[in-house]
Each structure stands twice: as structure tokens, then as C-alpha cells.
>>> print(open('target.pdb').read())   # PDB, C-alpha atoms
ATOM      1  CA  MET A   1      -5.305  24.540 -35.813
ATOM      2  CA  ARG A   2      -3.214  21.849 -34.185
ATOM      3  CA  ASN A   3      -3.743  18.138 -34.688
ATOM      4  CA  ILE A   4      -4.447  16.343 -31.442
ATOM      5  CA  THR A   5      -3.255  12.771 -31.494
ATOM      6  CA  LEU A   6      -4.569   9.876 -29.476
ATOM      7  CA  ALA A   7      -1.236   9.766 -27.632
ATOM      8  CA  THR A   8      -1.686  13.393 -26.536
ATOM      9  CA  VAL A   9      -5.169  12.656 -25.208
ATOM     10  CA  PHE A  10      -3.910   9.573 -23.387
ATOM     11  CA  CYS A  11      -1.054  11.535 -21.753
ATOM     12  CA  PHE A  12      -3.502  14.231 -20.655
ATOM     13  CA  LEU A  13      -5.970  11.740 -19.227
ATOM     14  CA  SER A  14      -3.336   9.677 -17.439
ATOM     15  CA  ALA A  15      -1.977  12.780 -15.700
ATOM     16  CA  ALA A  16      -5.424  14.026 -14.652
ATOM     17  CA  PRO A  17      -6.662  13.187 -11.158
ATOM     18  CA  TRP A  18      -9.443  10.609 -11.428
ATOM     19  CA  PRO A  19     -12.326  11.022  -9.052
ATOM     20  CA  ASN A  20     -13.394   8.282  -6.713
ATOM     21  CA  ALA A  21     -16.951   7.428  -5.712
ATOM     22  CA  SER A  22     -17.273  10.529  -3.514
ATOM     23  CA  TRP A  23     -16.171  13.516  -5.590
ATOM     24  CA  GLY A  24     -14.042  15.986  -3.711
ATOM     25  CA  ASP A  25     -13.562  13.885  -0.599
ATOM     26  CA  SER A  26      -9.768  14.038  -0.438
ATOM     27  CA  HIS A  27      -9.304  11.474   2.317
ATOM     28  CA  GLN A  28     -10.880   8.759   0.137
ATOM     29  CA  SER A  29      -8.480   6.357  -1.564
ATOM     30  CA  ASN A  30      -7.579   6.488  -5.224
ATOM     31  CA  TRP A  31      -9.773   4.366  -7.526
ATOM     32  CA  LEU A  32      -6.769   2.157  -8.308
ATOM     33  CA  ASP A  33      -6.004   1.329  -4.665
ATOM     34  CA  GLY A  34      -6.149  -2.414  -4.185
ATOM     35  CA  VAL A  35      -5.426  -3.203  -7.839
ATOM     36  CA  PRO A  36      -2.067  -4.975  -8.013
ATOM     37  CA  GLY A  37       0.599  -3.238 -10.043
ATOM     38  CA  PRO A  38       2.788  -5.000 -12.583
ATOM     39  CA  ASN A  39       5.579  -5.555 -10.038
ATOM     40  CA  SER A  40       3.443  -6.566  -7.071
ATOM     41  CA  ALA A  41       3.771  -9.991  -5.471
ATOM     42  CA  GLU A  42       0.238 -10.916  -6.622
ATOM     43  CA  THR A  43       1.024 -10.507 -10.292
ATOM     44  CA  GLN A  44       4.442 -12.132  -9.959
ATOM     45  CA  ALA A  45       3.188 -15.363  -8.320
ATOM     46  CA  PRO A  46       4.640 -18.336 -10.155
ATOM     47  CA  LYS A  47       2.200 -20.245 -12.322
ATOM     48  CA  ILE A  48       1.876 -23.996 -12.070
ATOM     49  CA  THR A  49       2.771 -25.875 -15.234
ATOM     50  CA  LEU A  50       0.282 -28.535 -16.269
ATOM     51  CA  GLY A  51       0.569 -31.164 -18.954
ATOM     52  CA  ALA A  52      -2.105 -32.015 -21.513
ATOM     53  CA  VAL A  53      -3.358 -34.695 -19.096
ATOM     54  CA  GLU A  54      -3.385 -34.342 -15.311
ATOM     55  CA  ASP A  55      -4.816 -36.260 -12.398
ATOM     56  CA  VAL A  56      -7.366 -34.378 -10.301
ATOM     57  CA  ILE A  57      -8.985 -35.271  -6.995
ATOM     58  CA  LEU A  58     -12.644 -34.550  -6.391
ATOM     59  CA  ALA A  59     -12.966 -33.032  -2.916
ATOM     60  CA  PRO A  60     -14.187 -33.960  -0.395
ATOM     61  CA  SER A  61     -14.741 -37.527  -1.652
ATOM     62  CA  GLY A  62     -11.086 -38.108  -2.584
ATOM     63  CA  ILE A  63     -11.968 -39.758  -5.909
ATOM     64  CA  ARG A  64      -9.078 -39.442  -8.355
ATOM     65  CA  PHE A  65      -9.688 -38.926 -12.096
ATOM     66  CA  PRO A  66      -7.450 -38.493 -15.111
ATOM     67  CA  ALA A  67      -8.397 -35.194 -16.738
ATOM     68  CA  ARG A  68      -7.748 -33.695 -20.138
ATOM     69  CA  ILE A  69      -6.671 -30.051 -19.925
ATOM     70  CA  ASP A  70      -8.567 -28.291 -22.728
ATOM     71  CA  THR A  71      -7.958 -24.569 -23.137
ATOM     72  CA  GLY A  72     -10.355 -24.598 -26.082
ATOM     73  CA  ALA A  73     -13.280 -25.432 -23.794
ATOM     74  CA  GLU A  74     -14.589 -22.578 -21.674
ATOM     75  CA  ILE A  75     -16.083 -24.703 -18.893
ATOM     76  CA  SER A  76     -15.082 -28.047 -17.431
ATOM     77  CA  SER A  77     -17.117 -31.227 -17.943
ATOM     78  CA  LEU A  78     -17.453 -34.209 -15.590
ATOM     79  CA  ASP A  79     -18.578 -37.744 -16.446
ATOM     80  CA  ALA A  80     -22.024 -38.311 -14.882
ATOM     81  CA  ARG A  81     -24.776 -40.923 -15.284
ATOM     82  CA  ASP A  82     -28.400 -40.876 -14.130
ATOM     83  CA  VAL A  83     -28.371 -37.132 -13.430
ATOM     84  CA  ALA A  84     -31.260 -35.717 -11.382
ATOM     85  CA  VAL A  85     -31.613 -32.081 -10.288
ATOM     86  CA  ARG A  86     -33.644 -31.368  -7.134
ATOM     87  CA  ASN A  87     -33.592 -28.677  -4.452
ATOM     88  CA  ASN A  88     -30.491 -26.918  -5.828
ATOM     89  CA  LEU A  89     -28.525 -30.181  -5.863
ATOM     90  CA  ALA A  90     -27.469 -32.295  -8.816
ATOM     91  CA  GLU A  91     -27.275 -35.966  -7.948
ATOM     92  CA  PHE A  92     -25.539 -38.370 -10.297
ATOM     93  CA  LYS A  93     -23.599 -41.599 -10.505
ATOM     94  CA  LEU A  94     -19.936 -41.814 -11.463
ATOM     95  CA  GLY A  95     -18.718 -44.395 -13.947
ATOM     96  CA  SER A  96     -17.878 -47.862 -12.614
ATOM     97  CA  ARG A  97     -14.154 -47.284 -13.247
ATOM     98  CA  TYR A  98     -14.372 -44.614 -10.521
ATOM     99  CA  GLY A  99     -16.327 -46.614  -7.981
ATOM    100  CA  GLY A 100     -19.852 -46.023  -9.318
ATOM    101  CA  SER A 101     -20.462 -43.693  -6.366
ATOM    102  CA  ARG A 102     -23.550 -41.501  -6.135
ATOM    103  CA  VAL A 103     -22.477 -37.896  -5.792
ATOM    104  CA  GLN A 104     -24.381 -34.727  -4.909
ATOM    105  CA  LEU A 105     -23.016 -31.323  -5.871
ATOM    106  CA  PRO A 106     -24.487 -27.811  -5.702
ATOM    107  CA  PHE A 107     -26.530 -27.103  -8.857
ATOM    108  CA  VAL A 108     -25.686 -23.750 -10.489
ATOM    109  CA  GLY A 109     -27.953 -23.738 -13.537
ATOM    110  CA  TRP A 110     -28.271 -24.955 -17.113
ATOM    111  CA  ARG A 111     -25.918 -24.233 -19.981
ATOM    112  CA  TYR A 112     -26.106 -24.797 -23.716
ATOM    113  CA  VAL A 113     -22.892 -26.340 -24.999
ATOM    114  CA  ARG A 114     -21.870 -26.653 -28.642
ATOM    115  CA  THR A 115     -20.689 -30.117 -29.612
ATOM    116  CA  SER A 116     -19.739 -31.788 -32.890
ATOM    117  CA  MET A 117     -23.333 -33.104 -33.001
ATOM    118  CA  GLY A 118     -25.024 -29.724 -32.398
ATOM    119  CA  THR A 119     -26.050 -28.029 -29.158
ATOM    120  CA  GLU A 120     -26.813 -29.753 -25.841
ATOM    121  CA  LYS A 121     -28.448 -28.432 -22.682
ATOM    122  CA  ARG A 122     -26.403 -29.582 -19.665
ATOM    123  CA  PRO A 123     -26.666 -29.104 -15.910
ATOM    124  CA  VAL A 124     -23.861 -27.053 -14.336
ATOM    125  CA  VAL A 125     -22.546 -27.815 -10.846
ATOM    126  CA  GLU A 126     -19.969 -26.305  -8.531
ATOM    127  CA  VAL A 127     -17.199 -28.776  -7.813
ATOM    128  CA  SER A 128     -14.117 -28.614  -5.588
ATOM    129  CA  ILE A 129     -10.999 -30.171  -7.071
ATOM    130  CA  CYS A 130      -7.335 -30.549  -6.270
ATOM    131  CA  LEU A 131      -5.229 -29.829  -9.343
ATOM    132  CA  GLY A 132      -1.516 -29.816  -8.655
ATOM    133  CA  PRO A 133      -0.995 -28.164  -5.256
ATOM    134  CA  LYS A 134      -4.207 -26.090  -5.506
ATOM    135  CA  LEU A 135      -7.635 -26.827  -4.072
ATOM    136  CA  PHE A 136     -10.326 -24.645  -5.635
ATOM    137  CA  ARG A 137     -13.962 -24.502  -6.685
ATOM    138  CA  THR A 138     -14.981 -24.352 -10.295
ATOM    139  CA  GLN A 139     -18.035 -24.973 -12.407
ATOM    140  CA  ALA A 140     -18.485 -28.066 -14.556
ATOM    141  CA  THR A 141     -21.200 -29.401 -16.807
ATOM    142  CA  LEU A 142     -22.412 -32.955 -16.255
ATOM    143  CA  ARG A 143     -22.452 -35.344 -19.213
ATOM    144  CA  ASP A 144     -22.035 -39.035 -19.913
ATOM    145  CA  ARG A 145     -18.399 -39.143 -21.013
ATOM    146  CA  SER A 146     -18.119 -42.958 -21.066
ATOM    147  CA  ALA A 147     -17.206 -42.871 -24.770
ATOM    148  CA  MET A 148     -14.451 -40.324 -24.090
ATOM    149  CA  ALA A 149     -10.862 -41.134 -23.151
ATOM    150  CA  TYR A 150     -11.015 -38.960 -20.015
ATOM    151  CA  PRO A 151     -13.860 -38.694 -17.496
ATOM    152  CA  PHE A 152     -13.022 -35.093 -16.644
ATOM    153  CA  LEU A 153     -12.287 -32.229 -19.008
ATOM    154  CA  ILE A 154     -10.753 -29.125 -17.405
ATOM    155  CA  GLY A 155     -11.734 -25.949 -19.279
ATOM    156  CA  ARG A 156      -9.980 -22.599 -19.288
ATOM    157  CA  SER A 157     -12.302 -20.980 -16.723
ATOM    158  CA  ALA A 158     -10.910 -23.427 -14.127
ATOM    159  CA  LEU A 159      -7.331 -22.518 -15.028
ATOM    160  CA  ASN A 160      -8.061 -18.842 -14.216
ATOM    161  CA  GLY A 161      -4.582 -17.398 -14.707
ATOM    162  CA  SER A 162      -2.942 -19.710 -12.143
ATOM    163  CA  PHE A 163      -1.702 -22.346 -14.564
ATOM    164  CA  LEU A 164       0.362 -22.720 -17.738
ATOM    165  CA  VAL A 165      -0.259 -25.642 -20.082
ATOM    166  CA  ASP A 166       2.667 -27.426 -21.731
ATOM    167  CA  THR A 167       1.071 -29.880 -24.178
ATOM    168  CA  SER A 168       4.357 -31.723 -24.637
ATOM    169  CA  ARG A 169       4.079 -32.918 -21.024
ATOM    170  CA  SER A 170       1.688 -35.201 -19.200
ATOM    171  CA  ARG A 171       0.997 -35.434 -15.444
ATOM    172  CA  ALA A 172       3.372 -32.566 -14.698
ATOM    173  CA  ALA A 173       1.611 -31.518 -11.451
ATOM    174  CA  GLN A 174       0.378 -34.355  -9.259
ATOM    175  CA  PRO A 175      -2.607 -33.356  -7.102
ATOM    176  CA  VAL A 176      -1.817 -32.677  -3.458
ATOM    177  CA  CYS A 177      -4.937 -31.819  -1.457
ATOM    178  CA  PRO A 178      -4.376 -29.700   1.647
ATOM    179  CA  VAL A 179      -4.780 -31.524   4.966
ATOM    180  CA  GLY A 180      -8.447 -31.617   6.002
ATOM    181  CA  SER A 181      -9.799 -30.819   2.522
ATOM    182  CA  LEU A 182     -11.158 -34.311   2.089
ATOM    183  CA  ALA A 183     -13.295 -34.090   5.252
ATOM    184  CA  SER A 184     -17.011 -34.881   5.081
ATOM    185  CA  ASN A 185     -18.054 -31.402   6.284
ATOM    186  CA  HIS A 186     -17.975 -30.036   2.716
ATOM    187  CA  PRO A 187     -21.305 -29.120   0.983
ATOM    188  CA  ALA A 188     -20.762 -31.815  -1.645
ATOM    189  CA  GLN A 189     -21.509 -35.367  -0.591
ATOM    190  CA  SER A 190     -20.635 -38.770  -1.953
ATOM    191  CA  ASP A 191     -22.312 -42.085  -1.138
ATOM    192  CA  LYS A 192     -21.294 -45.481  -2.423
ATOM    193  CA  ASP A 193     -24.178 -47.532  -3.908
TER     194      ASP A 193
END
>>> encode(input="target.pdb", output="C-alpha cells")
Amino acid sequence: MRNITLATVFCFLSAAPWPNASWGDSHQSNWLDGVPGPNSAETQAPKITLGAVEDVILAPSGIRFPARIDTGAEISSLDARDVAVRNNLAEFKLGSRYGGSRVQLPFVGWRYVRTSMGTEKRPVVEVSICLGPKLFRTQATLRDRSAMAYPFLIGRSALNGSFLVDTSRSRAAQPVCPVGSLASNHPAQSDKD
């Protein structure tokens, strides 16, 4: 009896026609249609290099923060005081160094975060930020970061394959928000106290 290796099975399976959602319907597309190949323009898009510290702009308010880029943290964290969650909105106050503004952002849920002191339950919001030339939405926990060097910590989920981090650099990609992105018609709101 012949030995069948894993490589033989893989070759057989890769050559076999894979069915799509409607078996036998030949005019349906292949199950891999729409998935970019290794040489497609989508996978070859240049990544933006970030330093260990970058400036970010909170959209639509236009408030600029220094942020620590932390690939060890899964989710981002934003400095927030007097946090209240009501009607799917988290309302909080920014630190006085950043104008002490009251900000409202869409509330996503609660998350338990491990810290050096144990585990904390924190509110999670959706925030729009400009980081380098990109404007995008990401999730961030809210926490009083007044004792920290940086009011904003950018976690790896925000980096999402679009960025490279060079820890030997700092402020390598200045934020440039697209025209109109700082308009007041965004779901997040900011009011000065």
C-alpha cells in the first residue's frame, strides 16, 4: 500500500474544482472571486510608516493629540474624565491640556482590559481619527490617562494592516485630514464647557 503524504493531498485538493454556494450552477463565480491575489493592487498598496509616537486628530472636532503607537495593545485607549453612558452615546470630558471639551461618541459596549493592577471594565466607543494621511473609524476604550505620558494609545486593531511601525522614529506621519472631514455633520459631537 502506498503512503499518501500531506503534500499529495494538498495537490489533489488544490486542483479539484471547489463548489460555490449553488452546487452545479456553472454560471456562478468561483468562491475565490473578489479575494485579492498576491500580485493585485490591493495587496501591493504601500503601507504608511509610523513612529513610536504620532500626532492624531480627533474628527470631526479637530482636536490634536500626541499618541503612543502600541502594537502590544489590541484596542486603542483615549483619555476621558467624567464618563457617562446614555442612549448609545458615551459623553466625557477631555483633559484640560486638550481644551477640557465635552465630547459625545457612539457607545459600542463594555470591555474588560488587563492592566498592571488587574482587570478593569471600560466603556468602548467608536472614534474617527486622522492618522497620517488616513481618516478612519476605530474603537477605543475610555479611561483617565492623566497619569500617562500620552492621552491616546493606538492599538494594533486600529493599524489594521495599513501601517508599519518603526520604533526608532517619532512623528513620521503627520496627520492630514481630508477636506470636509472636520465638519459638524459627523455623528460624534464636541462642545466646549
>>> resolve_selection(input="target.pdb", expression="the PyMOL selection byres ((chain A and resi 136) around 12)", output="list in words")
Val56, Ile57, Leu58, Ala59, Pro60, Glu126, Val127, Ser128, Ile129, Cys130, Leu131, Gly132, Pro133, Lys134, Leu135, Arg137, Thr138, Gln139, Ser157, Ala158, Leu159, Asn160, Ser162, Pro175, Val176, Cys177, Pro178 and Ser181 of chain A
>>> resolve_selection(input="target.pdb", expression="the PyMOL selection byres ((chain A and resi 140-147) around 8)", output="ChimeraX atom specification")
/A:75-81,83,95,111,122-127,138-139,148-151
>>> residues_around(input="target.pdb", residues="stretch 72-74 of chain A", least_positions_apart="2", cutoff="6 Å", atoms="all atoms listed in the file", output="number ranges by chain")
A: 70, 155-157
>>> atom_distance(input="target.pdb", atom1="atom CA of A:Ile69", atom2="atom CA of A:Asn88")
27.9 Å
>>> atom_distance(input="target.pdb", atom1="atom CA of A:Phe163", atom2="atom CA of A:Lys47")
5.0 Å
